[in-house]
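Engineer: Please find one structure pasted underneath; my questions will follow.
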Amino acid sequence: MVITRLFLAVVVIAGVASAIPDYASTIRPPSFPLAVRNPYTNVWLPANELPGNWPVFWTSRTKGWTGMIQVDGNPFIWMGRPMESGQLMAPLATQLFSYITPTQTIFGLRAGPLDLNVTFFSPVEVTDIQRQSIPLSYVTASVASNDGASHDTQIYMDISGEWAANDESQIVNWAAALTPSGLKVWSTQLQNMNKFGEQSDYAAWGYAVLAAAGTSTHMSNSDVTVRGTFVRDGVLPNTNDPNFRPANDRWPTFGFAQSLGSVGVAPAEAQWVVGNVRDDNINWLGTALPALWLSYWPNFPAMLDFFWNDLPTALETADALDTQILTAAYNSAGQYYADILALSLRQSYAGNEFSGTAEVPEYYQKEISSGAFMQTVDVIYPTAPMFYYLNITYLELLLEPLFYQMENGVWTQPFAMHDIGDFYPNALGQGYGGDMPVEESANMILMVGDIAFHPTAEAEKSRAYILRHYDIMAAWATYLYENCLYPVDQLTTDDFIGHTELNSGLALKGILGMATFAKLSEFVGNQTNADFYNAAVAEFIPIWRMESMHVDGDHLKMEYNVSNGYQFKYNAFHDKLLGLGVVPADIYQMEADYYLTKMEPYGIPFVSIRDFTKSDWEMWTAAAFGDENPALRSGLVEALGKFLRVTPQRVPFTDWYTTATSNHVGFQARPVAGGHFALLALEMAKAHRNEV
């Protein structure tokens with residue numbers, strides 16, 4: 001399939017043209033996103049070069065995935081590190097360049113007299129729930145001669161049983177099949193599946209798939225046998241190994257080879273699809289929920305046929321989205337910010353997946369890396385700026401399962417719950433042992449404010465949405481009124497820094513939650529509540545200021561009851577996003593100036609008692625305080641961009657690292673990368689207020 005792509009810039013190696021948008025990232029990232037679509041289709045390259053290195057699951061567990069090419073009978077490896085008797089099975093292709101856009105990772109490679117552009121494309125469909133429900137990713141290769149001559153060419157791809165088993169000692173099954181349109185598909189799964197269970201964060205049910213054109217030849221056998229057959233012959237014998245076995249027993253491998261014919265300066269194209277598929281994907285209070293894609297297609301083969309043929313449309317949509325995000329990021333804060341968002345979009349969306357039906361779609365989030373919780377309120381909260389900027393409907397869908405459990409007796413406390421289940425994808429009620437009452441109650445109200453007062457919101461729909469959840473929000477507002485000004489025995493979302501008492505940032509979050517509830521109340525005509533909470537906010541803010549102020553009067557402390565220290569007041573982001581006007585102007589200026597004095601090579605520690613920061617809170621802080629001190633805004637963006645280039649740990653984008661050394665502390669691949677969109681979200685809100 002030949003895809004014509006219109007972009008602002010074109011990179012050419014030999015006769016291969018690869019359309020690249022302006023401001024695409026060219027950095028060496030911590031890890032390249034390859035197939036990054038949902039919590040289980042989540043595969044990365046933790047190295048500088050595609051040839052000679054194995055892709056891995058986000059946990060760093062190897063997922064055997066090989067790409068090779070034969071040119072006039074001479075084989076080259078363009079992905080992976082296939083070995084035989086301690087030696088590479090073929091020479092490595094030479095990597096010439098790489099580009100990263102929000103939806104695509106593109107490698108330019110040279111294999112002797114041929115050049116390849118290989119694109120790993122995981123669509124992010126911000127306005128199309130049907131397409132976003134598909135758990136698959138594309139890989140395409142465009143191949144052309146670099147010496148003007150024509151060359152007999154075959155191209156190859158495989159996956160191993162490691163795609164079915166995160167515990168390689170487990171027995172895996174496999175099968176070859178044809179779709180109704182004639183695509184060839186390998187599928188592999190655990191022989192003994194554990195429905196709704198995981199093996200070290202990887203699905204222990206469902207099946208991994210690799211699809212190729214129907215003209216491909218295929219083979220399953222040991223890794224050495226399948227790959228060696230292609231290296232020797234350039235074609236596979238269309239045979240299937242019947243001996244099911246553990247994934248680490250002679251490494252069962254499932255390959256496709258495709259002849260591209262005589263390739264000259266005109267590019268020849270190849271396409272594959274890869275992913276992890278589960279027909280039932282959520283356990284909702286003991287009931288198995290079907291994956292949403294089953295509402296649109298009767299089965300996996302039909303869905304795969306659609307996805308395969310949808311590539312031109314998907315690319316057109318993705319190219320437009322890439323250009324929108326990269327251009328906006330560059331215009332907002334330069335190339336460093338474009339790099340940050342290029343590595344944030346796929347990661348953040350891949351923390352979520354759709355279930356339910358077309359009539360009632362349901363959206364679920366896994367707290368990747370920091371726990372296996374479902375719908376963690378204080379993980380959705382930092383992610384929210386991405387949805388605010390791209391499509392607020394997705395945020396509304398993420399909140400619905402939480403509202404259901406809290407409004408229907410699953411959760412009965414007077415404050416908001418932390419999560420809907422402690423072991424994804426089992427939504428069996430909160431599993432977290434330590435409540436975060438002020439934190440989560442304020443988070444929920446603030447996010448409802450994001451939805452109800454969004455620039456795209458329709459007044460009547462917002463009014464209905466607020467009223468639908470008004471009673472429970474009123475209970476949370478009461479809890480905040482009684483507990484937020486002096487938050488004793490309260491955990492914050494930053495519980496990993498240790499226990500804090502009388503946390504100033506948490507108190508501010510609670511006050512902003514009350515201010516938002518007042519605004520929501522006024523919007524639906526409950527002036528009594530609006531007046532009450534507006535008065536409470538007016539009363540609380542001077543007290544909060546007094547209790548938080550350092551004795552030198554140059555910054556706010558982290559806790560009321562200590563004499564020193566600071567913490568980013570990142571929650572002020574919502575003061576500006578929602579136009580609340582709660583935080584005094586001089587506080588913004590004072591805090592912005594003080595934070596800047598703490599700058600280190602790769603950012604600012606977000607709390608004075610630790611040497612690390614959180615990338616999401618850095619971008620929230622840059623957005624909230626950037627108007628008062630543009631140097632703080634640009635400095636935080638530049639520092640995070642530099643971190644991505646030099647951090648020695650090759651893991652998916654971490655939000656938790658040391659600012660002096662760029663070392664990874666913990667967390668990786670988390671959906672909170674959506675918080676990096678805070679600058680664009682705030683610009684969107686400001687532009688809307690200026691228009692009206």
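Chain labels follow the order of the structure tokens: the first chain is A, the next B, and so on; residue numbering restarts at 1 in every chain, and ligands are counted from 1 in their shown order.
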According to DSSP computed on the backbone, where in range 354-602 of chain A is there strand (DSSP E or B)? Give the residues as a list in words.
Structural biologist: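 Those in range 354-602 of chain A that DSSP calls strand (DSSP E or B) are Phe354, Ser355, Gly356, Pro361, Glu362, Tyr363, Tyr364, Gln365, Lys366, Met374, Gly421, Phe423, Asn426, Ala427, Asn503, Met549, Leu556, Glu559, Gln567 and Glu600 of chain A.
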Engineer: Kindly export the residues of the current selection with N, CA and C atoms, as an mmCIF file, in the first residue's frame.
Structural biologist:
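Okay, this is what ended up in result_20.cif:
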data_model
loop_
_atom_site.group_PDB
_atom_site.id
_atom_site.type_symbol
_atom_site.label_atom_id
_atom_site.label_comp_id
_atom_site.auth_asym_id
_atom_site.auth_seq_id
_atom_site.Cartn_x
_atom_site.Cartn_y
_atom_site.Cartn_z
ATOM 1 N N PHE A 354 -10.772 1.437 26.154
ATOM 2 C CA PHE A 354 -12.227 1.477 26.124
ATOM 3 C C PHE A 354 -12.836 0.100 26.344
ATOM 4 N N SER A 355 -13.962 0.100 27.012
ATOM 5 C CA SER A 355 -14.777 -1.090 27.212
ATOM 6 C C SER A 355 -16.230 -0.674 27.013
ATOM 7 N N GLY A 356 -17.170 -1.592 27.307
ATOM 8 C CA GLY A 356 -18.584 -1.244 27.241
ATOM 9 C C GLY A 356 -19.166 -1.419 25.856
ATOM 10 N N PRO A 361 -20.138 3.870 26.009
ATOM 11 C CA PRO A 361 -18.699 3.568 26.049
ATOM 12 C C PRO A 361 -18.130 3.876 27.424
ATOM 13 N N GLU A 362 -17.228 3.038 27.870
ATOM 14 C CA GLU A 362 -16.607 3.205 29.176
ATOM 15 C C GLU A 362 -15.099 3.267 28.995
ATOM 16 N N TYR A 363 -14.465 4.158 29.718
ATOM 17 C CA TYR A 363 -13.038 4.442 29.546
ATOM 18 C C TYR A 363 -12.338 4.187 30.873
ATOM 19 N N TYR A 364 -11.291 3.376 30.842
ATOM 20 C CA TYR A 364 -10.619 2.966 32.066
ATOM 21 C C TYR A 364 -9.130 3.265 31.990
ATOM 22 N N GLN A 365 -8.568 3.617 33.144
ATOM 23 C CA GLN A 365 -7.151 3.952 33.223
ATOM 24 C C GLN A 365 -6.444 3.053 34.219
ATOM 25 N N LYS A 366 -5.254 2.602 33.822
ATOM 26 C CA LYS A 366 -4.389 1.864 34.734
ATOM 27 C C LYS A 366 -3.323 2.797 35.290
ATOM 28 N N MET A 374 -6.942 1.038 39.423
ATOM 29 C CA MET A 374 -7.812 1.498 38.346
ATOM 30 C C MET A 374 -8.424 2.836 38.705
ATOM 31 N N GLY A 421 -10.452 0.091 42.091
ATOM 32 C CA GLY A 421 -9.922 -1.264 42.179
ATOM 33 C C GLY A 421 -8.416 -1.222 42.301
ATOM 34 N N PHE A 423 -6.273 -3.685 41.454
ATOM 35 C CA PHE A 423 -5.544 -4.603 40.585
ATOM 36 C C PHE A 423 -6.187 -4.580 39.210
ATOM 37 N N ASN A 426 -9.531 -5.057 37.371
ATOM 38 C CA ASN A 426 -10.608 -5.522 38.248
ATOM 39 C C ASN A 426 -11.186 -4.356 39.041
ATOM 40 N N ALA A 427 -12.327 -3.864 38.577
ATOM 41 C CA ALA A 427 -12.997 -2.712 39.196
ATOM 42 C C ALA A 427 -13.945 -3.215 40.273
ATOM 43 N N ASN A 503 -0.153 20.451 55.244
ATOM 44 C CA ASN A 503 0.479 20.724 53.960
ATOM 45 C C ASN A 503 -0.179 21.924 53.287
ATOM 46 N N MET A 549 3.273 31.380 55.006
ATOM 47 C CA MET A 549 4.354 32.314 54.704
ATOM 48 C C MET A 549 5.600 32.035 55.548
ATOM 49 N N LEU A 556 6.345 30.670 50.220
ATOM 50 C CA LEU A 556 5.438 29.877 51.045
ATOM 51 C C LEU A 556 6.100 28.557 51.409
ATOM 52 N N GLU A 559 4.823 23.151 54.715
ATOM 53 C CA GLU A 559 3.906 22.839 55.813
ATOM 54 C C GLU A 559 3.801 24.049 56.736
ATOM 55 N N GLN A 567 7.400 23.892 48.600
ATOM 56 C CA GLN A 567 6.848 22.886 47.706
ATOM 57 C C GLN A 567 6.140 23.627 46.577
ATOM 58 N N GLU A 600 18.194 23.698 39.061
ATOM 59 C CA GLU A 600 19.358 22.837 38.898
ATOM 60 C C GLU A 600 19.454 22.442 37.422
#
Engineer: Using only C-alpha atoms, tabulate the residues of range 185-293 of chain A lying at most 12 Å from any atom of range 391-401 of chain A, each with its closest atom pair and that distance in Å to one decimal, by chain and increasing residue number, as a Markdown table.
Structural biologist:
| residue | atom | partner | partner_atom | distance |
| --- | --- | --- | --- | --- |
| A:Ile282 | CA | A:Pro401 | CA | 11.8 |
| A:Trp284 | CA | A:Pro401 | CA | 9.4 |
| A:Leu285 | CA | A:Pro401 | CA | 11.0 |
Engineer: Would you list the contacts of Trp54 in chain A as a ChimeraX atom specification, taking every protein, DNA or RNA residue within 12 Å and counting only C-alpha atoms, but skipping same-chain residues closer than 2 positions in sequence?
Structural biologist: /A:31-32,34,43-52,56-57,60-67,77-83,159-160,162
Engineer: Export, as a compact mmCIF listing (two decimals), in the first residue's frame, the selected residues with N, CA and C atoms.
Structural biologist:
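Saved the output as out21.txt:
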# COMPACT_ATOMS: atom_id res chain seq x y z
N SER A 31 13.63 6.35 25.79
CA SER A 31 13.16 5.14 25.13
C SER A 31 12.25 5.56 23.99
N PHE A 32 12.40 4.89 22.84
CA PHE A 32 11.56 5.21 21.68
C PHE A 32 10.22 4.47 21.79
N LEU A 34 7.33 2.45 20.32
CA LEU A 34 7.14 1.65 19.10
C LEU A 34 5.65 1.31 18.94
N VAL A 43 5.04 -1.27 23.90
CA VAL A 43 6.37 -1.79 23.61
C VAL A 43 7.27 -0.65 23.14
N TRP A 44 8.51 -0.64 23.65
CA TRP A 44 9.44 0.47 23.49
C TRP A 44 10.81 -0.04 23.06
N LEU A 45 11.64 0.87 22.57
CA LEU A 45 13.03 0.57 22.24
C LEU A 45 13.93 1.32 23.22
N PRO A 46 14.58 0.62 24.17
CA PRO A 46 15.38 1.29 25.20
C PRO A 46 16.83 1.46 24.77
N ALA A 47 17.05 1.95 23.58
CA ALA A 47 18.40 2.06 23.03
C ALA A 47 18.41 3.14 21.97
N ASN A 48 19.60 3.50 21.51
CA ASN A 48 19.72 4.54 20.49
C ASN A 48 19.31 4.06 19.11
N GLU A 49 19.55 2.76 18.82
CA GLU A 49 19.38 2.28 17.46
C GLU A 49 18.44 1.09 17.42
N LEU A 50 17.62 1.05 16.38
CA LEU A 50 16.68 -0.05 16.17
C LEU A 50 17.39 -1.34 15.80
N PRO A 51 18.35 -1.32 14.86
CA PRO A 51 19.07 -2.57 14.56
C PRO A 51 20.01 -2.95 15.70
N GLY A 52 19.91 -4.19 16.14
CA GLY A 52 20.83 -4.69 17.15
C GLY A 52 20.33 -4.61 18.57
N VAL A 56 11.18 -3.82 24.17
CA VAL A 56 10.78 -4.31 25.49
C VAL A 56 9.39 -3.79 25.83
N PHE A 57 8.70 -4.52 26.70
CA PHE A 57 7.50 -4.02 27.37
C PHE A 57 7.93 -2.86 28.27
N SER A 60 10.53 -3.14 30.92
CA SER A 60 11.87 -3.51 30.45
C SER A 60 12.02 -5.00 30.17
N ARG A 61 10.91 -5.73 30.16
CA ARG A 61 10.94 -7.15 29.81
C ARG A 61 10.97 -7.29 28.29
N THR A 62 11.91 -8.08 27.78
CA THR A 62 12.08 -8.24 26.33
C THR A 62 10.84 -8.80 25.67
N LYS A 63 10.48 -8.21 24.55
CA LYS A 63 9.43 -8.74 23.66
C LYS A 63 10.09 -9.01 22.31
N GLY A 64 10.43 -10.29 22.07
CA GLY A 64 11.14 -10.65 20.86
C GLY A 64 10.41 -10.16 19.61
N TRP A 65 11.07 -9.30 18.84
CA TRP A 65 10.43 -8.65 17.69
C TRP A 65 11.56 -8.34 16.72
N THR A 66 11.57 -9.03 15.59
CA THR A 66 12.69 -8.94 14.66
C THR A 66 12.23 -8.44 13.31
N GLY A 67 13.05 -7.58 12.70
CA GLY A 67 12.87 -7.16 11.32
C GLY A 67 14.14 -7.41 10.54
N ILE A 77 19.81 -7.10 9.32
CA ILE A 77 18.88 -6.96 10.44
C ILE A 77 18.55 -5.48 10.59
N TRP A 78 17.25 -5.15 10.56
CA TRP A 78 16.87 -3.75 10.79
C TRP A 78 16.13 -3.54 12.12
N MET A 79 15.77 -4.63 12.81
CA MET A 79 15.18 -4.51 14.16
C MET A 79 15.50 -5.76 14.95
N GLY A 80 15.84 -5.57 16.22
CA GLY A 80 16.10 -6.70 17.09
C GLY A 80 17.55 -7.14 17.06
N ARG A 81 17.82 -8.22 17.77
CA ARG A 81 19.18 -8.75 17.86
C ARG A 81 19.16 -10.28 17.78
N PRO A 82 18.74 -10.83 16.64
CA PRO A 82 18.68 -12.29 16.51
C PRO A 82 20.07 -12.91 16.46
N MET A 83 20.28 -13.93 17.26
CA MET A 83 21.60 -14.56 17.40
C MET A 83 21.51 -16.05 17.10
N ILE A 159 7.33 -12.02 15.61
CA ILE A 159 7.26 -11.86 17.06
C ILE A 159 7.49 -13.23 17.67
N SER A 160 7.86 -13.24 18.94
CA SER A 160 8.12 -14.50 19.63
C SER A 160 7.03 -14.77 20.66
N GLU A 162 7.29 -14.54 23.62
CA GLU A 162 7.39 -13.56 24.71
C GLU A 162 6.25 -12.54 24.65
Engineer: Using only C-alpha atoms, which residues sit within 12 Å of Gln324 in chain A once same-chain residues fewer than 3 positions away are excluded, as a tab-separated table (two decimals) with C-alpha atoms, in the first residue's frame?
Structural biologist:
chain	number	residue	atom	x	y	z
A	7	PHE	CA	3.85	17.44	5.54
A	8	LEU	CA	5.83	20.62	5.98
A	21	PRO	CA	6.31	17.59	10.34
A	22	ASP	CA	8.11	20.72	11.40
A	23	TYR	CA	9.37	20.53	15.01
A	24	ALA	CA	9.37	16.71	15.11
A	101	THR	CA	6.14	12.82	16.50
A	102	PRO	CA	3.28	12.54	18.98
A	103	THR	CA	1.86	9.50	17.10
A	317	THR	CA	-5.70	12.17	10.93
A	318	ALA	CA	-2.44	11.52	12.75
A	319	ASP	CA	-0.40	13.81	10.54
A	320	ALA	CA	-2.83	16.65	11.21
A	321	LEU	CA	-2.73	15.97	14.97
A	327	THR	CA	3.40	23.62	16.09
A	328	ALA	CA	1.46	24.72	19.16
A	329	ALA	CA	4.20	23.41	21.45
A	330	TYR	CA	6.96	25.14	19.50
A	331	ASN	CA	5.05	28.41	19.40
A	338	ALA	CA	7.85	20.08	21.18
A	341	LEU	CA	4.98	16.53	23.92
A	342	ALA	CA	6.25	14.27	21.12
A	389	TYR	CA	-6.46	20.49	25.27
A	390	LEU	CA	-7.48	17.66	22.91
A	680	LEU	CA	-1.29	24.44	25.94
Engineer: Counting only C-alpha atoms, which residue out of A:Gln70, A:Thr105, A:Ser222, A:Asn299 sits closest to Gln258 in chain A?
Structural biologist: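 Of all the options, A:Gln70 lies closest to Gln258 in chain A.
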Engineer: Just checking: using only C-alpha atoms, which residue out of A:Gln130, A:Ser145, A:Asn53, A:Asn248 ends up closest to Ala165 in chain A?
Structural biologist: A:Asn248
Engineer: To one decimal place, how far is CA of Val277 in chain A from CA of Ala669 in chain A in Å?
Structural biologist: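 Between CA of Val277 in chain A and CA of Ala669 in chain A the gap is 19.9 Å.
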Engineer: Can you list, as a PyMOL selection string, every protein, DNA or RNA residue that comes within 12 Å of Ala622 in chain A when you count only C-alpha atoms, leaving out same-chain residues fewer than 4 positions away?
Structural biologist: chain A and resi 332-333+337+568-573+588+591-593+595-596+603-604+606+615-618+626-640+675-680+682
Engineer: Could you save the residues just selected, with N, CA and C atoms, as a compact mmCIF listing (two decimals), in the first residue's frame?
Structural biologist:
# COMPACT_ATOMS: atom_id res chain seq x y z
N SER A 332 4.57 27.87 21.71
CA SER A 332 4.39 28.16 23.12
C SER A 332 5.71 28.26 23.87
N ALA A 333 6.61 27.30 23.63
CA ALA A 333 7.82 27.25 24.47
C ALA A 333 9.02 26.66 23.74
N TYR A 337 9.91 22.07 24.23
CA TYR A 337 8.53 21.69 24.56
C TYR A 337 7.95 20.77 23.49
N PHE A 568 6.30 23.16 45.34
CA PHE A 568 5.57 23.77 44.24
C PHE A 568 4.09 23.88 44.60
N LYS A 569 3.53 25.05 44.42
CA LYS A 569 2.08 25.22 44.59
C LYS A 569 1.42 25.00 43.21
N TYR A 570 1.64 23.80 42.69
CA TYR A 570 1.20 23.48 41.33
C TYR A 570 -0.31 23.50 41.17
N ASN A 571 -1.03 23.33 42.28
CA ASN A 571 -2.49 23.35 42.17
C ASN A 571 -3.04 24.72 41.76
N ALA A 572 -2.20 25.76 41.87
CA ALA A 572 -2.62 27.08 41.40
C ALA A 572 -2.91 27.07 39.91
N PHE A 573 -2.46 26.04 39.21
CA PHE A 573 -2.79 25.89 37.79
C PHE A 573 -4.30 25.97 37.57
N TYR A 588 1.67 34.78 43.39
CA TYR A 588 2.20 34.23 42.14
C TYR A 588 3.60 34.77 41.87
N GLU A 591 6.25 33.47 44.57
CA GLU A 591 6.58 32.05 44.40
C GLU A 591 7.39 31.81 43.13
N ALA A 592 6.99 32.44 42.03
CA ALA A 592 7.71 32.26 40.76
C ALA A 592 9.16 32.68 40.91
N ASP A 593 9.38 33.83 41.53
CA ASP A 593 10.75 34.32 41.70
C ASP A 593 11.55 33.40 42.61
N TYR A 595 11.02 30.07 43.25
CA TYR A 595 11.29 28.78 42.61
C TYR A 595 12.51 28.87 41.70
N LEU A 596 12.61 29.97 40.97
CA LEU A 596 13.69 30.11 40.00
C LEU A 596 15.06 30.06 40.68
N GLY A 603 16.12 20.73 36.18
CA GLY A 603 14.84 21.11 36.75
C GLY A 603 14.98 21.62 38.17
N ILE A 604 13.84 21.71 38.83
CA ILE A 604 13.78 22.20 40.20
C ILE A 604 13.16 21.11 41.07
N PHE A 606 10.74 19.57 43.37
CA PHE A 606 9.42 20.16 43.62
C PHE A 606 9.11 20.29 45.10
N SER A 615 7.86 15.62 36.73
CA SER A 615 7.78 16.36 35.47
C SER A 615 6.40 16.95 35.22
N ASP A 616 5.34 16.24 35.65
CA ASP A 616 4.01 16.80 35.44
C ASP A 616 3.82 18.06 36.27
N TRP A 617 4.27 18.03 37.52
CA TRP A 617 4.12 19.22 38.36
C TRP A 617 5.03 20.35 37.89
N GLU A 618 6.16 20.02 37.28
CA GLU A 618 6.99 21.08 36.71
C GLU A 618 6.24 21.83 35.61
N GLY A 626 4.15 31.03 35.02
CA GLY A 626 4.96 31.51 33.92
C GLY A 626 4.71 32.95 33.52
N ASP A 627 3.47 33.41 33.66
CA ASP A 627 3.18 34.81 33.31
C ASP A 627 3.95 35.77 34.22
N GLU A 628 4.05 35.40 35.48
CA GLU A 628 4.72 36.28 36.44
C GLU A 628 6.24 36.25 36.27
N ASN A 629 6.77 35.13 35.84
CA ASN A 629 8.21 35.03 35.62
C ASN A 629 8.47 34.14 34.41
N PRO A 630 8.53 34.73 33.21
CA PRO A 630 8.76 33.93 32.00
C PRO A 630 10.04 33.11 32.05
N ALA A 631 11.04 33.58 32.79
CA ALA A 631 12.29 32.82 32.91
C ALA A 631 12.06 31.50 33.63
N LEU A 632 11.14 31.49 34.59
CA LEU A 632 10.80 30.23 35.26
C LEU A 632 10.15 29.28 34.27
N ARG A 633 9.22 29.79 33.51
CA ARG A 633 8.51 28.97 32.52
C ARG A 633 9.48 28.35 31.52
N SER A 634 10.29 29.19 30.90
CA SER A 634 11.21 28.69 29.89
C SER A 634 12.29 27.80 30.50
N GLY A 635 12.71 28.15 31.72
CA GLY A 635 13.74 27.36 32.38
C GLY A 635 13.28 25.95 32.72
N LEU A 636 12.05 25.82 33.20
CA LEU A 636 11.52 24.50 33.52
C LEU A 636 11.34 23.65 32.26
N VAL A 637 10.86 24.26 31.19
CA VAL A 637 10.68 23.52 29.94
C VAL A 637 12.03 23.07 29.40
N GLU A 638 12.98 23.98 29.37
CA GLU A 638 14.31 23.63 28.85
C GLU A 638 14.97 22.54 29.69
N ALA A 639 14.84 22.63 31.00
CA ALA A 639 15.46 21.64 31.87
C ALA A 639 14.87 20.25 31.65
N LEU A 640 13.55 20.17 31.50
CA LEU A 640 12.93 18.88 31.25
C LEU A 640 13.33 18.35 29.87
N GLY A 675 -0.01 15.53 31.79
CA GLY A 675 0.15 16.80 32.48
C GLY A 675 1.12 17.74 31.79
N HIS A 676 1.97 17.21 30.91
CA HIS A 676 2.91 18.06 30.19
C HIS A 676 2.20 19.00 29.23
N PHE A 677 0.92 18.73 28.95
CA PHE A 677 0.14 19.61 28.08
C PHE A 677 -0.40 20.84 28.82
N ALA A 678 0.02 21.05 30.07
CA ALA A 678 -0.56 22.12 30.88
C ALA A 678 -0.41 23.49 30.23
N LEU A 679 0.72 23.75 29.59
CA LEU A 679 0.91 25.07 28.98
C LEU A 679 -0.10 25.31 27.86
N LEU A 680 -0.33 24.29 27.03
CA LEU A 680 -1.29 24.44 25.94
C LEU A 680 -2.71 24.52 26.46
N LEU A 682 -3.72 25.78 29.32
CA LEU A 682 -3.97 27.11 29.89
C LEU A 682 -4.07 28.16 28.79
Engineer: Can you tell me, as a ChimeraX atom specification, which residues in range 280-396 of chain A count as alpha helix (DSSP H) by DSSP?
Structural biologist: /A:300-309,311-333,335-342,345-349,377-390,392-396
Engineer: In Å, how far is it from CA of Tyr470 in chain A to CA of Phe523 in chain A?
Structural biologist: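 Atom-to-atom, CA of Tyr470 in chain A to CA of Phe523 in chain A, that is 11.5 Å.
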Engineer: So, counting only C-alpha atoms, which residue among A:Ala464, A:Phe453, A:Ile543, A:Ala515 is closest to Gly581 in chain A?
Structural biologist: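 So, comparing all the options, the nearest one is A:Ala515.
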Engineer: Of the candidates A:Arg131, A:His574, A:Lys557, A:Arg645, which one gets nearest to Ala384 in chain A if we count only C-alpha atoms?
Structural biologist: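 That would be A:His574, the residue with the smallest distance to Ala384 in chain A.
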Engineer: Name the closest residue to Glu359 in chain A among the candidates A:Ala93, A:Val438, A:Leu292, A:Val583; distances are taken between atoms, counting only C-alpha atoms.
Structural biologist: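 Smallest separation from Glu359 in chain A among the options: A:Leu292.
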Engineer: Rounded to one decimal, what separation in Å do you get between CA of Ser200 in chain A and CA of Phe667 in chain A?
Structural biologist: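 Separation of CA of Ser200 in chain A and CA of Phe667 in chain A: 14.7 Å.
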Engineer: Find the residues near Asn276 in chain A: any atom within 7 Å, counting only C-alpha atoms, skip ones fewer than 4 places away on the same chain, and give them as a count of residues only.
Structural biologist: 7
Engineer: I'd like the neighbourhood of Tyr533 in chain A as a PyMOL selection string, where a residue qualifies if any of its atoms comes within 7 Å (using only C-alpha atoms), though same-chain residues fewer than 3 positions away should be ignored.
Structural biologist: chain A and resi 514-515+518+529-530+536-537
Engineer: With 12 Å as the cut-off and only C-alpha atoms counted, what is the closest atom pair between each nearby residue of range 366-471 of chain A and range 650-666 of chain A? Distances in Å to one decimal, ordered by chain and number, as a tab-separated table.
Structural biologist:
residue	atom	partner	partner_atom	distance
A:Ile368	CA	A:Thr654	CA	11.1
A:Ser369	CA	A:Gly666	CA	8.2
A:Ser370	CA	A:Gly666	CA	8.0
A:Gly371	CA	A:Gly666	CA	11.5
A:Val379	CA	A:Asp655	CA	11.8
A:Pro382	CA	A:Asp655	CA	10.9
A:Thr383	CA	A:Asp655	CA	11.6
Engineer: For the residues in that selection, give me C-alpha atoms as a tab-separated table (two decimals), in the first residue's frame.
Structural biologist:
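Output file selection.tsv follows:
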chain	number	residue	atom	x	y	z
A	368	ILE	CA	1.00	2.18	35.35
A	369	SER	CA	4.28	1.73	37.22
A	370	SER	CA	3.31	3.32	40.55
A	371	GLY	CA	0.66	0.68	41.26
A	379	VAL	CA	-3.45	10.04	38.53
A	382	PRO	CA	-2.41	15.32	36.61
A	383	THR	CA	-3.27	13.74	33.26
